[in-house]
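S.K.: See target-v2.cif below, with mmCIF, C-alpha atoms.
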data_model
loop_
_atom_site.group_PDB
_atom_site.id
_atom_site.type_symbol
_atom_site.label_atom_id
_atom_site.label_comp_id
_atom_site.auth_asym_id
_atom_site.auth_seq_id
_atom_site.Cartn_x
_atom_site.Cartn_y
_atom_site.Cartn_z
ATOM 1 C CA MET A 1 72.402 200.237 178.106
ATOM 2 C CA ALA A 2 71.308 196.594 177.838
ATOM 3 C CA LYS A 3 72.614 194.695 174.827
ATOM 4 C CA THR A 4 69.929 194.026 172.201
ATOM 5 C CA GLU A 5 69.340 190.328 171.703
ATOM 6 C CA GLN A 6 69.955 189.093 168.174
ATOM 7 C CA ASN A 7 67.011 187.846 166.131
ATOM 8 C CA PRO A 8 67.505 185.429 163.215
ATOM 9 C CA ALA A 9 64.843 187.259 161.181
ATOM 10 C CA ASP A 10 67.159 190.273 161.026
ATOM 11 C CA TYR A 11 69.708 188.256 159.041
ATOM 12 C CA ILE A 12 67.443 186.248 156.710
ATOM 13 C CA GLU A 13 66.810 187.241 153.095
ATOM 14 C CA PRO A 14 65.161 185.610 150.067
ATOM 15 C CA LEU A 15 67.288 183.237 147.974
ATOM 16 C CA ASN A 16 66.416 182.609 144.329
ATOM 17 C CA MET A 17 68.796 180.341 142.449
ATOM 18 C CA ASN A 18 68.601 177.624 139.794
ATOM 19 C CA GLY A 19 64.851 178.137 139.485
ATOM 20 C CA LEU A 20 64.247 177.555 143.202
ATOM 21 C CA SER A 21 63.074 179.969 145.886
ATOM 22 C CA GLY A 22 64.172 179.717 149.489
ATOM 23 C CA ARG A 23 65.991 181.768 152.108
ATOM 24 C CA ILE A 24 69.530 182.574 153.135
ATOM 25 C CA LEU A 25 70.927 183.664 156.494
ATOM 26 C CA HIS A 26 73.935 185.971 156.452
ATOM 27 C CA MET A 27 75.706 187.446 159.485
ATOM 28 C CA PRO A 28 78.483 189.976 158.707
ATOM 29 C CA ALA A 29 81.903 189.417 160.239
ATOM 30 C CA PRO A 30 82.767 191.165 163.501
ATOM 31 C CA LYS A 31 85.404 193.903 163.205
ATOM 32 C CA ALA A 32 88.130 191.687 164.658
ATOM 33 C CA HIS A 33 87.619 189.016 161.979
ATOM 34 C CA GLN A 34 86.880 190.897 158.773
ATOM 35 C CA GLY A 35 87.695 188.777 155.736
ATOM 36 C CA ARG A 36 86.970 185.370 157.266
ATOM 37 C CA GLU A 37 84.071 183.706 155.452
ATOM 38 C CA ILE A 38 82.264 180.679 156.914
ATOM 39 C CA LEU A 39 79.681 178.687 154.980
ATOM 40 C CA MET A 40 77.305 176.517 157.011
ATOM 41 C CA VAL A 41 75.585 173.642 155.207
ATOM 42 C CA TYR A 42 72.884 172.377 157.506
ATOM 43 C CA GLY A 43 71.769 168.789 157.838
ATOM 44 C CA HIS A 44 68.609 166.740 157.662
ATOM 45 C CA HIS A 45 65.379 167.897 159.294
ATOM 46 C CA SER A 46 66.468 171.545 159.377
ATOM 47 C CA THR A 47 65.546 175.185 159.013
ATOM 48 C CA LEU A 48 67.709 178.278 159.281
ATOM 49 C CA GLU A 49 66.146 178.935 162.675
ATOM 50 C CA ARG A 50 66.952 175.421 163.908
ATOM 51 C CA TRP A 51 70.687 176.190 163.513
ATOM 52 C CA TRP A 52 70.545 179.838 164.605
ATOM 53 C CA GLY A 53 72.421 179.102 167.840
ATOM 54 C CA LEU A 54 75.384 177.573 166.012
ATOM 55 C CA ALA A 55 75.403 180.421 163.487
ATOM 56 C CA GLN A 56 75.772 182.852 166.392
ATOM 57 C CA CYS A 57 78.726 180.844 167.735
ATOM 58 C CA LEU A 58 80.492 180.754 164.365
ATOM 59 C CA ASN A 59 79.871 184.450 163.823
ATOM 60 C CA LYS A 60 82.486 185.167 166.494
ATOM 61 C CA PHE A 61 85.099 183.978 163.977
ATOM 62 C CA GLY A 62 83.886 185.583 160.745
ATOM 63 C CA ALA A 63 80.981 186.227 158.401
ATOM 64 C CA VAL A 64 78.489 183.357 158.446
ATOM 65 C CA THR A 65 76.345 182.379 155.493
ATOM 66 C CA MET A 66 73.774 179.558 155.599
ATOM 67 C CA PRO A 67 71.503 178.864 152.596
ATOM 68 C CA ASP A 68 68.470 176.650 152.507
ATOM 69 C CA LEU A 69 68.792 173.333 150.700
ATOM 70 C CA PRO A 70 66.076 172.412 148.151
ATOM 71 C CA GLY A 71 63.121 170.825 149.933
ATOM 72 C CA PHE A 72 64.357 171.866 153.382
ATOM 73 C CA GLY A 73 63.425 174.862 155.513
ATOM 74 C CA GLY A 74 60.461 175.712 153.300
ATOM 75 C CA MET A 75 62.531 176.010 150.107
ATOM 76 C CA GLN A 76 61.029 174.697 146.886
ATOM 77 C CA THR A 77 61.908 171.103 146.098
ATOM 78 C CA MET A 78 63.996 169.586 143.334
ATOM 79 C CA TYR A 79 60.772 167.892 142.219
ATOM 80 C CA SER A 80 59.346 171.330 141.346
ATOM 81 C CA ILE A 81 61.967 171.731 138.586
ATOM 82 C CA GLY A 82 61.712 168.162 137.331
ATOM 83 C CA LYS A 83 64.646 166.708 139.282
ATOM 84 C CA THR A 84 65.029 164.316 142.177
ATOM 85 C CA PRO A 85 66.749 165.413 145.423
ATOM 86 C CA SER A 86 69.623 163.020 144.814
ATOM 87 C CA LEU A 87 72.982 163.581 146.459
ATOM 88 C CA ASP A 88 74.469 164.530 143.078
ATOM 89 C CA ASN A 89 71.725 167.093 142.402
ATOM 90 C CA MET A 90 72.088 168.566 145.895
ATOM 91 C CA ALA A 91 75.852 168.777 145.332
ATOM 92 C CA ASP A 92 75.312 170.568 142.011
ATOM 93 C CA TYR A 93 73.016 173.070 143.722
ATOM 94 C CA LEU A 94 75.590 173.737 146.458
ATOM 95 C CA ALA A 95 78.331 174.127 143.847
ATOM 96 C CA SER A 96 76.223 176.780 142.085
ATOM 97 C CA PHE A 97 75.824 178.591 145.382
ATOM 98 C CA VAL A 98 79.551 178.533 146.166
ATOM 99 C CA LYS A 99 80.468 179.784 142.680
ATOM 100 C CA TRP A 100 77.956 182.620 142.977
ATOM 101 C CA ARG A 101 78.588 183.647 146.569
ATOM 102 C CA TYR A 102 82.368 183.275 146.744
ATOM 103 C CA LYS A 103 83.564 184.401 143.314
ATOM 104 C CA ARG A 104 86.689 186.129 144.625
ATOM 105 C CA LYS A 105 86.796 184.793 148.157
ATOM 106 C CA ARG A 106 88.023 181.772 150.060
ATOM 107 C CA VAL A 107 85.800 180.160 152.643
ATOM 108 C CA VAL A 108 85.744 177.728 155.553
ATOM 109 C CA VAL A 109 82.936 175.225 155.039
ATOM 110 C CA MET A 110 81.162 173.503 157.933
ATOM 111 C CA GLY A 111 78.855 170.690 156.858
ATOM 112 C CA LEU A 112 76.475 169.278 159.447
ATOM 113 C CA SER A 113 75.691 165.555 159.230
ATOM 114 C CA TYR A 114 73.819 165.165 155.899
ATOM 115 C CA GLY A 115 75.092 168.616 154.929
ATOM 116 C CA PHE A 116 78.620 167.228 155.142
ATOM 117 C CA LEU A 117 77.673 164.460 152.703
ATOM 118 C CA VAL A 118 76.483 167.108 150.243
ATOM 119 C CA THR A 119 79.645 169.168 150.771
ATOM 120 C CA THR A 120 81.895 166.157 150.203
ATOM 121 C CA ARG A 121 80.070 165.122 147.037
ATOM 122 C CA MET A 122 80.226 168.711 145.751
ATOM 123 C CA LEU A 123 84.008 168.778 146.133
ATOM 124 C CA GLN A 124 84.316 165.365 144.509
ATOM 125 C CA ARG A 125 82.245 166.491 141.508
ATOM 126 C CA TYR A 126 83.841 169.943 141.307
ATOM 127 C CA PRO A 127 87.483 169.545 142.422
ATOM 128 C CA GLU A 128 88.265 173.054 141.163
ATOM 129 C CA LEU A 129 86.241 174.403 144.099
ATOM 130 C CA THR A 130 88.832 173.081 146.553
ATOM 131 C CA LYS A 131 90.855 176.188 145.664
ATOM 132 C CA LYS A 132 88.124 178.312 147.233
ATOM 133 C CA VAL A 133 88.074 176.336 150.492
ATOM 134 C CA GLU A 134 90.531 177.070 153.316
ATOM 135 C CA PHE A 135 89.560 173.951 155.235
ATOM 136 C CA LEU A 136 86.522 171.856 156.027
ATOM 137 C CA VAL A 137 84.732 171.167 159.272
ATOM 138 C CA SER A 138 82.598 168.057 159.625
ATOM 139 C CA GLY A 139 79.923 168.634 162.247
ATOM 140 C CA VAL A 140 79.141 164.999 163.173
ATOM 141 C CA GLY A 141 79.385 164.178 159.486
ATOM 142 C CA PHE A 142 79.831 160.775 157.881
ATOM 143 C CA ALA A 143 80.793 159.246 154.547
ATOM 144 C CA HIS A 144 79.407 155.722 154.152
ATOM 145 C CA TYR A 145 76.282 153.733 154.977
ATOM 146 C CA GLY A 146 78.492 151.425 157.014
ATOM 147 C CA ASP A 147 78.980 154.239 159.521
ATOM 148 C CA PHE A 148 75.495 153.713 160.945
ATOM 149 C CA VAL A 149 75.089 151.628 164.092
ATOM 150 C CA PHE A 150 71.641 150.256 163.140
ATOM 151 C CA THR A 151 71.131 146.506 163.172
ATOM 152 C CA PRO A 152 70.816 144.864 159.731
ATOM 153 C CA GLY A 153 67.085 144.401 160.274
ATOM 154 C CA ARG A 154 66.522 148.018 161.230
ATOM 155 C CA MET A 155 68.657 149.200 158.312
ATOM 156 C CA ARG A 156 66.570 147.142 155.857
ATOM 157 C CA ALA A 157 63.343 148.476 157.362
ATOM 158 C CA TYR A 158 64.523 152.086 157.139
ATOM 159 C CA ARG A 159 65.694 151.664 153.560
ATOM 160 C CA LEU A 160 62.403 150.122 152.466
ATOM 161 C CA SER A 161 60.142 152.594 154.270
ATOM 162 C CA SER A 162 62.093 155.630 153.093
ATOM 163 C CA LYS A 163 62.029 154.360 149.499
ATOM 164 C CA LEU A 164 58.265 153.810 149.624
ATOM 165 C CA LEU A 165 57.627 157.289 150.988
ATOM 166 C CA THR A 166 59.317 158.928 148.008
ATOM 167 C CA VAL A 167 56.253 157.836 146.011
ATOM 168 C CA ALA A 168 54.001 160.884 145.802
ATOM 169 C CA PRO A 169 50.604 159.300 146.690
ATOM 170 C CA LEU A 170 52.056 157.410 149.666
ATOM 171 C CA ALA A 171 53.887 160.503 150.874
ATOM 172 C CA PHE A 172 50.679 162.551 150.600
ATOM 173 C CA VAL A 173 48.685 160.097 152.723
ATOM 174 C CA PHE A 174 51.492 159.750 155.276
ATOM 175 C CA SER A 175 51.855 163.514 155.629
ATOM 176 C CA LYS A 176 48.125 163.989 156.170
ATOM 177 C CA VAL A 177 47.903 161.207 158.767
ATOM 178 C CA ALA A 178 51.226 160.641 160.548
ATOM 179 C CA LEU A 179 52.391 164.261 160.336
ATOM 180 C CA ASN A 180 49.157 165.697 161.641
ATOM 181 C CA PRO A 181 50.257 167.902 164.577
ATOM 182 C CA LEU A 182 47.975 166.032 166.989
ATOM 183 C CA VAL A 183 49.458 162.672 165.947
ATOM 184 C CA LEU A 184 53.019 164.011 166.129
ATOM 185 C CA ARG A 185 52.465 165.369 169.636
ATOM 186 C CA ASN A 186 51.158 162.037 170.894
ATOM 187 C CA VAL A 187 53.373 159.560 169.040
ATOM 188 C CA TYR A 188 56.645 161.078 167.801
ATOM 189 C CA ALA A 189 58.495 161.266 171.125
ATOM 190 C CA ARG A 190 57.992 157.508 171.589
ATOM 191 C CA THR A 191 59.570 156.488 168.274
ATOM 192 C CA PHE A 192 62.985 154.790 168.279
ATOM 193 C CA ASN A 193 65.006 157.637 166.784
ATOM 194 C CA ALA A 194 63.222 160.430 168.669
ATOM 195 C CA LYS A 195 63.498 159.024 172.200
ATOM 196 C CA LYS A 196 67.014 160.408 172.617
ATOM 197 C CA LYS A 197 65.817 163.903 171.698
ATOM 198 C CA PHE A 198 63.338 163.979 174.566
ATOM 199 C CA GLN A 199 65.398 162.038 177.083
ATOM 200 C CA ASP A 200 65.553 163.720 180.514
ATOM 201 C CA ALA A 201 63.503 166.716 179.304
ATOM 202 C CA ASP A 202 61.042 168.149 181.814
ATOM 203 C CA PRO A 203 57.438 168.830 180.682
ATOM 204 C CA GLU A 204 58.101 172.457 179.746
ATOM 205 C CA LEU A 205 61.198 171.603 177.714
ATOM 206 C CA SER A 206 59.412 168.663 176.077
ATOM 207 C CA GLU A 207 56.642 171.002 174.958
ATOM 208 C CA ARG A 208 59.136 173.437 173.419
ATOM 209 C CA LEU A 209 60.963 170.600 171.675
ATOM 210 C CA MET A 210 57.714 169.223 170.302
ATOM 211 C CA ASP A 211 56.625 172.650 169.044
ATOM 212 C CA MET A 212 59.813 172.853 166.990
ATOM 213 C CA GLU A 213 59.498 169.255 165.787
ATOM 214 C CA VAL A 214 56.045 170.040 164.403
ATOM 215 C CA VAL A 215 57.510 173.066 162.604
ATOM 216 C CA LEU A 216 60.370 171.008 161.166
ATOM 217 C CA TRP A 217 58.205 168.159 159.939
ATOM 218 C CA HIS A 218 56.022 170.650 158.078
ATOM 219 C CA ALA A 219 58.773 172.982 156.817
ATOM 220 C CA ASN A 220 60.671 170.076 155.244
ATOM 221 C CA ASP A 221 59.183 168.353 152.209
ATOM 222 C CA LEU A 222 58.397 164.740 153.116
ATOM 223 C CA ARG A 223 59.428 163.206 149.788
ATOM 224 C CA THR A 224 62.733 165.091 149.940
ATOM 225 C CA HIS A 225 63.213 163.970 153.543
ATOM 226 C CA MET A 226 62.661 160.342 152.597
ATOM 227 C CA TYR A 227 64.692 160.434 149.377
ATOM 228 C CA THR A 228 67.665 161.921 151.209
ATOM 229 C CA THR A 229 67.178 159.440 154.059
ATOM 230 C CA HIS A 230 67.464 156.582 151.566
ATOM 231 C CA ASP A 231 70.562 158.237 150.087
ATOM 232 C CA MET A 232 72.150 158.399 153.550
ATOM 233 C CA LEU A 233 71.383 154.725 154.183
ATOM 234 C CA THR A 234 73.005 153.630 150.904
ATOM 235 C CA VAL A 235 75.750 156.230 150.371
ATOM 236 C CA ASP A 236 79.398 155.519 149.625
ATOM 237 C CA ASN A 237 81.402 158.738 149.355
ATOM 238 C CA CYS A 238 84.718 156.876 149.538
ATOM 239 C CA GLN A 239 85.186 156.498 145.791
ATOM 240 C CA LYS A 240 87.070 159.744 145.184
ATOM 241 C CA GLN A 241 89.588 161.709 147.215
ATOM 242 C CA VAL A 242 89.372 165.384 148.189
ATOM 243 C CA LYS A 243 92.675 167.207 148.640
ATOM 244 C CA LEU A 244 91.698 169.374 151.596
ATOM 245 C CA PRO A 245 92.353 169.307 155.347
ATOM 246 C CA LEU A 246 89.403 168.321 157.509
ATOM 247 C CA TRP A 247 88.476 168.887 161.125
ATOM 248 C CA HIS A 248 85.952 166.249 162.142
ATOM 249 C CA VAL A 249 83.824 167.098 165.171
ATOM 250 C CA ALA A 250 82.525 163.835 166.657
ATOM 251 C CA ALA A 251 80.049 163.334 169.465
ATOM 252 C CA ALA A 252 81.301 161.387 172.477
ATOM 253 C CA LEU A 253 78.205 159.191 172.254
ATOM 254 C CA ASP A 254 76.446 159.304 168.895
ATOM 255 C CA GLN A 255 73.228 157.279 168.670
ATOM 256 C CA TYR A 256 73.535 157.040 164.876
ATOM 257 C CA PHE A 257 77.197 156.503 163.989
ATOM 258 C CA ASP A 258 80.219 154.452 164.997
ATOM 259 C CA GLY A 259 82.907 157.102 165.443
ATOM 260 C CA HIS A 260 85.848 154.792 164.728
ATOM 261 C CA ILE A 261 84.383 153.621 161.410
ATOM 262 C CA VAL A 262 83.452 157.182 160.438
ATOM 263 C CA GLU A 263 87.043 158.278 161.008
ATOM 264 C CA GLN A 264 88.414 155.413 158.902
ATOM 265 C CA HIS A 265 86.176 156.359 155.988
ATOM 266 C CA LEU A 266 87.038 160.058 156.263
ATOM 267 C CA ARG A 267 90.747 159.216 156.066
ATOM 268 C CA VAL A 268 90.095 157.427 152.776
ATOM 269 C CA ILE A 269 88.652 160.626 151.300
ATOM 270 C CA PHE A 270 90.543 163.592 152.772
ATOM 271 C CA SER A 271 94.244 164.391 152.601
ATOM 272 C CA ASP A 272 94.482 165.359 156.275
ATOM 273 C CA VAL A 273 91.959 164.475 158.992
ATOM 274 C CA GLN A 274 92.038 165.724 162.558
ATOM 275 C CA VAL A 275 89.378 164.611 165.028
ATOM 276 C CA ALA A 276 87.976 166.762 167.829
ATOM 277 C CA LYS A 277 85.557 164.961 170.132
ATOM 278 C CA ASN A 278 82.988 166.989 171.983
ATOM 279 C CA LYS A 279 81.251 165.849 175.175
ATOM 280 C CA SER A 280 77.818 165.377 173.666
ATOM 281 C CA LEU A 281 75.867 162.236 174.584
ATOM 282 C CA LYS A 282 73.768 162.496 171.425
ATOM 283 C CA HIS A 283 74.295 163.134 167.727
ATOM 284 C CA ALA A 284 73.661 166.889 167.747
ATOM 285 C CA PRO A 285 72.338 169.718 169.917
ATOM 286 C CA SER A 286 68.593 169.856 170.415
ATOM 287 C CA VAL A 287 66.338 171.396 167.777
ATOM 288 C CA ILE A 288 65.890 174.440 170.033
ATOM 289 C CA ALA A 289 69.552 174.784 171.010
ATOM 290 C CA ASP A 290 70.698 178.313 171.776
ATOM 291 C CA ALA A 291 74.247 179.591 171.297
ATOM 292 C CA ALA A 292 75.383 178.238 174.672
ATOM 293 C CA GLU A 293 74.188 174.707 173.900
ATOM 294 C CA SER A 294 75.406 174.845 170.289
ATOM 295 C CA ALA A 295 78.933 175.851 171.302
ATOM 296 C CA ILE A 296 79.698 172.158 171.865
ATOM 297 C CA MET A 297 79.882 171.839 168.058
ATOM 298 C CA ILE A 298 83.002 174.041 168.005
ATOM 299 C CA PRO A 299 85.568 172.327 170.263
ATOM 300 C CA PRO A 300 88.728 174.225 171.314
ATOM 301 C CA GLN A 301 90.842 172.708 168.518
ATOM 302 C CA VAL A 302 88.405 173.962 165.870
ATOM 303 C CA ARG A 303 88.207 177.368 167.537
ATOM 304 C CA ARG A 304 91.980 177.660 167.278
ATOM 305 C CA ALA A 305 91.856 176.708 163.587
ATOM 306 C CA LEU A 306 89.219 179.380 162.963
ATOM 307 C CA LEU A 307 91.334 181.973 164.766
ATOM 308 C CA ALA A 308 94.589 181.060 163.018
ATOM 309 C CA LYS A 309 96.057 183.469 160.505
ATOM 310 C CA ARG A 310 95.394 182.579 156.884
#
Could you quickly redo this structure as structure tokens?
M.R.:
Amino acid sequence: MAKTEQNPADYIEPLNMNGLSGRILHMPAPKAHQGREILMVYGHHSTLERWWGLAQCLNKFGAVTMPDLPGFGGMQTMYSIGKTPSLDNMADYLASFVKWRYKRKRVVVMGLSYGFLVTTRMLQRYPELTKKVEFLVSGVGFAHYGDFVFTPGRMRAYRLSSKLLTVAPLAFVFSKVALNPLVLRNVYARTFNAKKKFQDADPELSERLMDMEVVLWHANDLRTHMYTTHDMLTVDNCQKQVKLPLWHVAAALDQYFDGHIVEQHLRVIFSDVQVAKNKSLKHAPSVIADAAESAIMIPPQVRRALLAKR
């Protein structure tokens, strides 16, 4: 009998917490790895479906849980409850989730890019939660605005534009004009930060990538996207240490970050840092990556750590 292909919809349920409604993906542990809990904290420009391939990979090592973040994946925004989507507020939200979901359990936490920033800040604000964490995995994460490879001029431009687009009227106009699906399909692939995503893609693949990009730009709240972008471009998470071991998964060629500087900053924060470089020539797998493509985010060293006895 042919094996039934997994569908992310079969593992997604509603999530209602702290006055916000979103979704949560949960995949039970396979029989061989009962008891291992893995929390995925996705990054910028995300949905649960965008990271489905990686969730399938991690599920080989234990139960996988991935919640929406406020303002991402279609979840209600922090603005809807009278708050801003600041890094501190996102960290408080994640702390509430960890306390609720893992009351009597320990967990491995994998934070992806921006999601790793949120995870780090959570542990800095709630050091008691380190007792619940076995170890951390940074999926191409970072810690400081100085990790970016942008020129000073480009950095200033990104900071200014992202700050402006947190203003509600400007964000509304931008979303109606620039995020119109027709405009996105004709312009987005030519922008500086999107070129790498579409590089070497044939017409069919480009069409599939663009379909998902349209979904992502509309599933993620624009003001939240821009507020968190500005946070990333000004962040300094090196002010407080976290007493936990960290596996940092770095891309061989990351178009956004300088790997050597990232590692230096991570060593300021974490008590033990081990680096595992993958062979990726871009920051992260594509937005339509399946399990085979996403497997690059779990190098052999991290696989061994996930398989090790607790």
S.K.: Can you translate the PyMOL selection byres ((chain A and resi 213) around 9) into the concrete residues it hits in this file, as a ChimeraX atom specification?
M.R.: /A:45,184-185,188,208-212,214-218,287
S.K.: Let me see the file: selected residues, C-alpha atoms, as a short mmCIF file (atom, residue, chain, number, x, y, z; two decimals), keeping the file's coordinate frame.
M.R.:
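That gives us again.cif:
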data_model
loop_
_atom_site.label_atom_id
_atom_site.label_comp_id
_atom_site.auth_asym_id
_atom_site.auth_seq_id
_atom_site.Cartn_x
_atom_site.Cartn_y
_atom_site.Cartn_z
CA HIS A 45 65.38 167.90 159.29
CA LEU A 184 53.02 164.01 166.13
CA ARG A 185 52.46 165.37 169.64
CA TYR A 188 56.64 161.08 167.80
CA ARG A 208 59.14 173.44 173.42
CA LEU A 209 60.96 170.60 171.68
CA MET A 210 57.71 169.22 170.30
CA ASP A 211 56.62 172.65 169.04
CA MET A 212 59.81 172.85 166.99
CA VAL A 214 56.04 170.04 164.40
CA VAL A 215 57.51 173.07 162.60
CA LEU A 216 60.37 171.01 161.17
CA TRP A 217 58.20 168.16 159.94
CA HIS A 218 56.02 170.65 158.08
CA VAL A 287 66.34 171.40 167.78
#
S.K.: Give me the result of the PyMOL selection byres ((chain A and resi 66) around 8) on this file, residue by residue, as a list in words.
M.R.: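 Selection result, ordered by chain and number: Ile24, Leu25, His26, Leu39, Met40, Val41, Tyr42, Leu48, Val64, Thr65, Pro67 and Asp68 of chain A.
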S.K.: Please identify all polymer residues within 8 Å of stretch 256-272 of chain A, counting all atoms listed in the file, omitting same-chain residues fewer than 2 positions from it, and present them as a ChimeraX atom specification.
M.R.: /A:142-144,146-150,237-246,250-251,254,274-275,283
S.K.: Running the PyMOL selection byres ((chain A and resi 224) around 12) on this model by hand, what would come out? Give it as a PyMOL selection string.
M.R.: chain A and resi 44-45+69-80+83-87+89-90+162-163+165-168+171+217-223+225-231
S.K.: Figure out the distance between atom CA of A:Gln56 and atom CA of A:Ala292, please, to one decimal in Å.
M.R.: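 Taking atom CA of A:Ala292 as the start and atom CA of A:Gln56 as the end point, the length is 9.5 Å.
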S.K.: Quick check, in Å to one decimal: how far apart do atom CA of A:Glu13 and atom CA of A:Met122 lie?
M.R.: 24.0 Å
S.K.: Select all residues near (79.3, 175.9, 173.1) (cut-off 12 Å, inclusive, file coordinates), counting all atoms listed in the file, and output them as a list in words.
M.R.: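 The distance filter leaves exactly Gly53, Leu54, Ala55, Gln56, Cys57, Leu58, Lys60, Asn278, Lys279, Ser280, Ala284, Pro285, Ala289, Asp290, Ala291, Ala292, Glu293, Ser294, Ala295, Ile296, Met297, Ile298, Pro299, Pro300, Val302 and Arg303 of chain A.
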S.K.: Report, in Å with one decimal, the straight-line distance from atom CA of A:Phe192 to atom CA of A:Arg154.
M.R.: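 Separating atom CA of A:Phe192 from atom CA of A:Arg154 is a distance of 10.4 Å.
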S.K.: Starting from 5 Å padding per side, set up an axis-aligned box that covers all listed atoms of stretch 253-272 of chain A and hand over centre and edge lengths in Å, one decimal, as AutoDock Vina command-line options.
M.R.:
--center_x 83.9 --center_y 159.5 --center_z 161.8 --size_x 31.3 --size_y 21.7 --size_z 31.0
S.K.: Measuring atom to atom with all atoms listed in the file, identify which of A:Gly153, A:Gly35, A:Gly43, A:Gly82 is nearest to A:Ser113.
M.R.: A:Gly43
S.K.: Given the choices A:Phe135, A:Trp52, A:Trp100, A:Phe172, which gets closest to A:Asn18 if the distance is worked out from all atoms listed in the file?
M.R.: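 Residue with the minimum atom-to-atom distance to A:Asn18: A:Trp100.
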S.K.: Starting from the sparse input, extend stretch 276-292 of chain A to N, CA and C atoms and give the output as a compact mmCIF listing (two decimals), keeping the file's coordinate frame.
M.R.:
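Writing done, so here's part_12.txt:
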# COMPACT_ATOMS: atom_id res chain seq x y z
N ALA A 276 88.22 166.05 166.57
CA ALA A 276 87.98 166.76 167.83
C ALA A 276 86.67 166.24 168.41
N LYS A 277 86.76 165.51 169.51
CA LYS A 277 85.56 164.96 170.13
C LYS A 277 84.96 165.98 171.08
N ASN A 278 83.65 166.17 170.98
CA ASN A 278 82.99 166.99 171.98
C ASN A 278 82.44 166.07 173.08
N LYS A 279 81.73 166.64 174.03
CA LYS A 279 81.25 165.85 175.18
C LYS A 279 79.78 165.48 175.06
N SER A 280 79.24 165.62 173.86
CA SER A 280 77.82 165.38 173.67
C SER A 280 77.48 163.89 173.79
N LEU A 281 76.35 163.61 174.44
CA LEU A 281 75.87 162.24 174.58
C LEU A 281 74.79 161.91 173.56
N LYS A 282 74.67 162.77 172.54
CA LYS A 282 73.77 162.50 171.42
C LYS A 282 74.34 163.10 170.16
N HIS A 283 73.75 162.78 169.03
CA HIS A 283 74.30 163.13 167.73
C HIS A 283 74.53 164.64 167.56
N ALA A 284 73.56 165.45 167.97
CA ALA A 284 73.66 166.89 167.75
C ALA A 284 72.89 167.63 168.82
N PRO A 285 73.12 168.93 168.95
CA PRO A 285 72.34 169.72 169.92
C PRO A 285 70.85 169.63 169.61
N SER A 286 70.04 169.96 170.59
CA SER A 286 68.59 169.86 170.42
C SER A 286 68.11 170.80 169.33
N VAL A 287 66.89 170.58 168.85
CA VAL A 287 66.34 171.40 167.78
C VAL A 287 66.01 172.81 168.24
N ILE A 288 66.11 173.08 169.53
CA ILE A 288 65.89 174.44 170.03
C ILE A 288 67.16 174.97 170.71
N ALA A 289 68.29 174.41 170.36
CA ALA A 289 69.55 174.78 171.01
C ALA A 289 69.88 176.26 170.80
N ASP A 290 70.23 176.94 171.88
CA ASP A 290 70.70 178.31 171.78
C ASP A 290 72.21 178.31 171.56
N ALA A 291 72.81 179.50 171.56
CA ALA A 291 74.25 179.59 171.30
C ALA A 291 75.06 178.84 172.34
N ALA A 292 74.63 178.91 173.60
CA ALA A 292 75.38 178.24 174.67
C ALA A 292 75.39 176.73 174.47
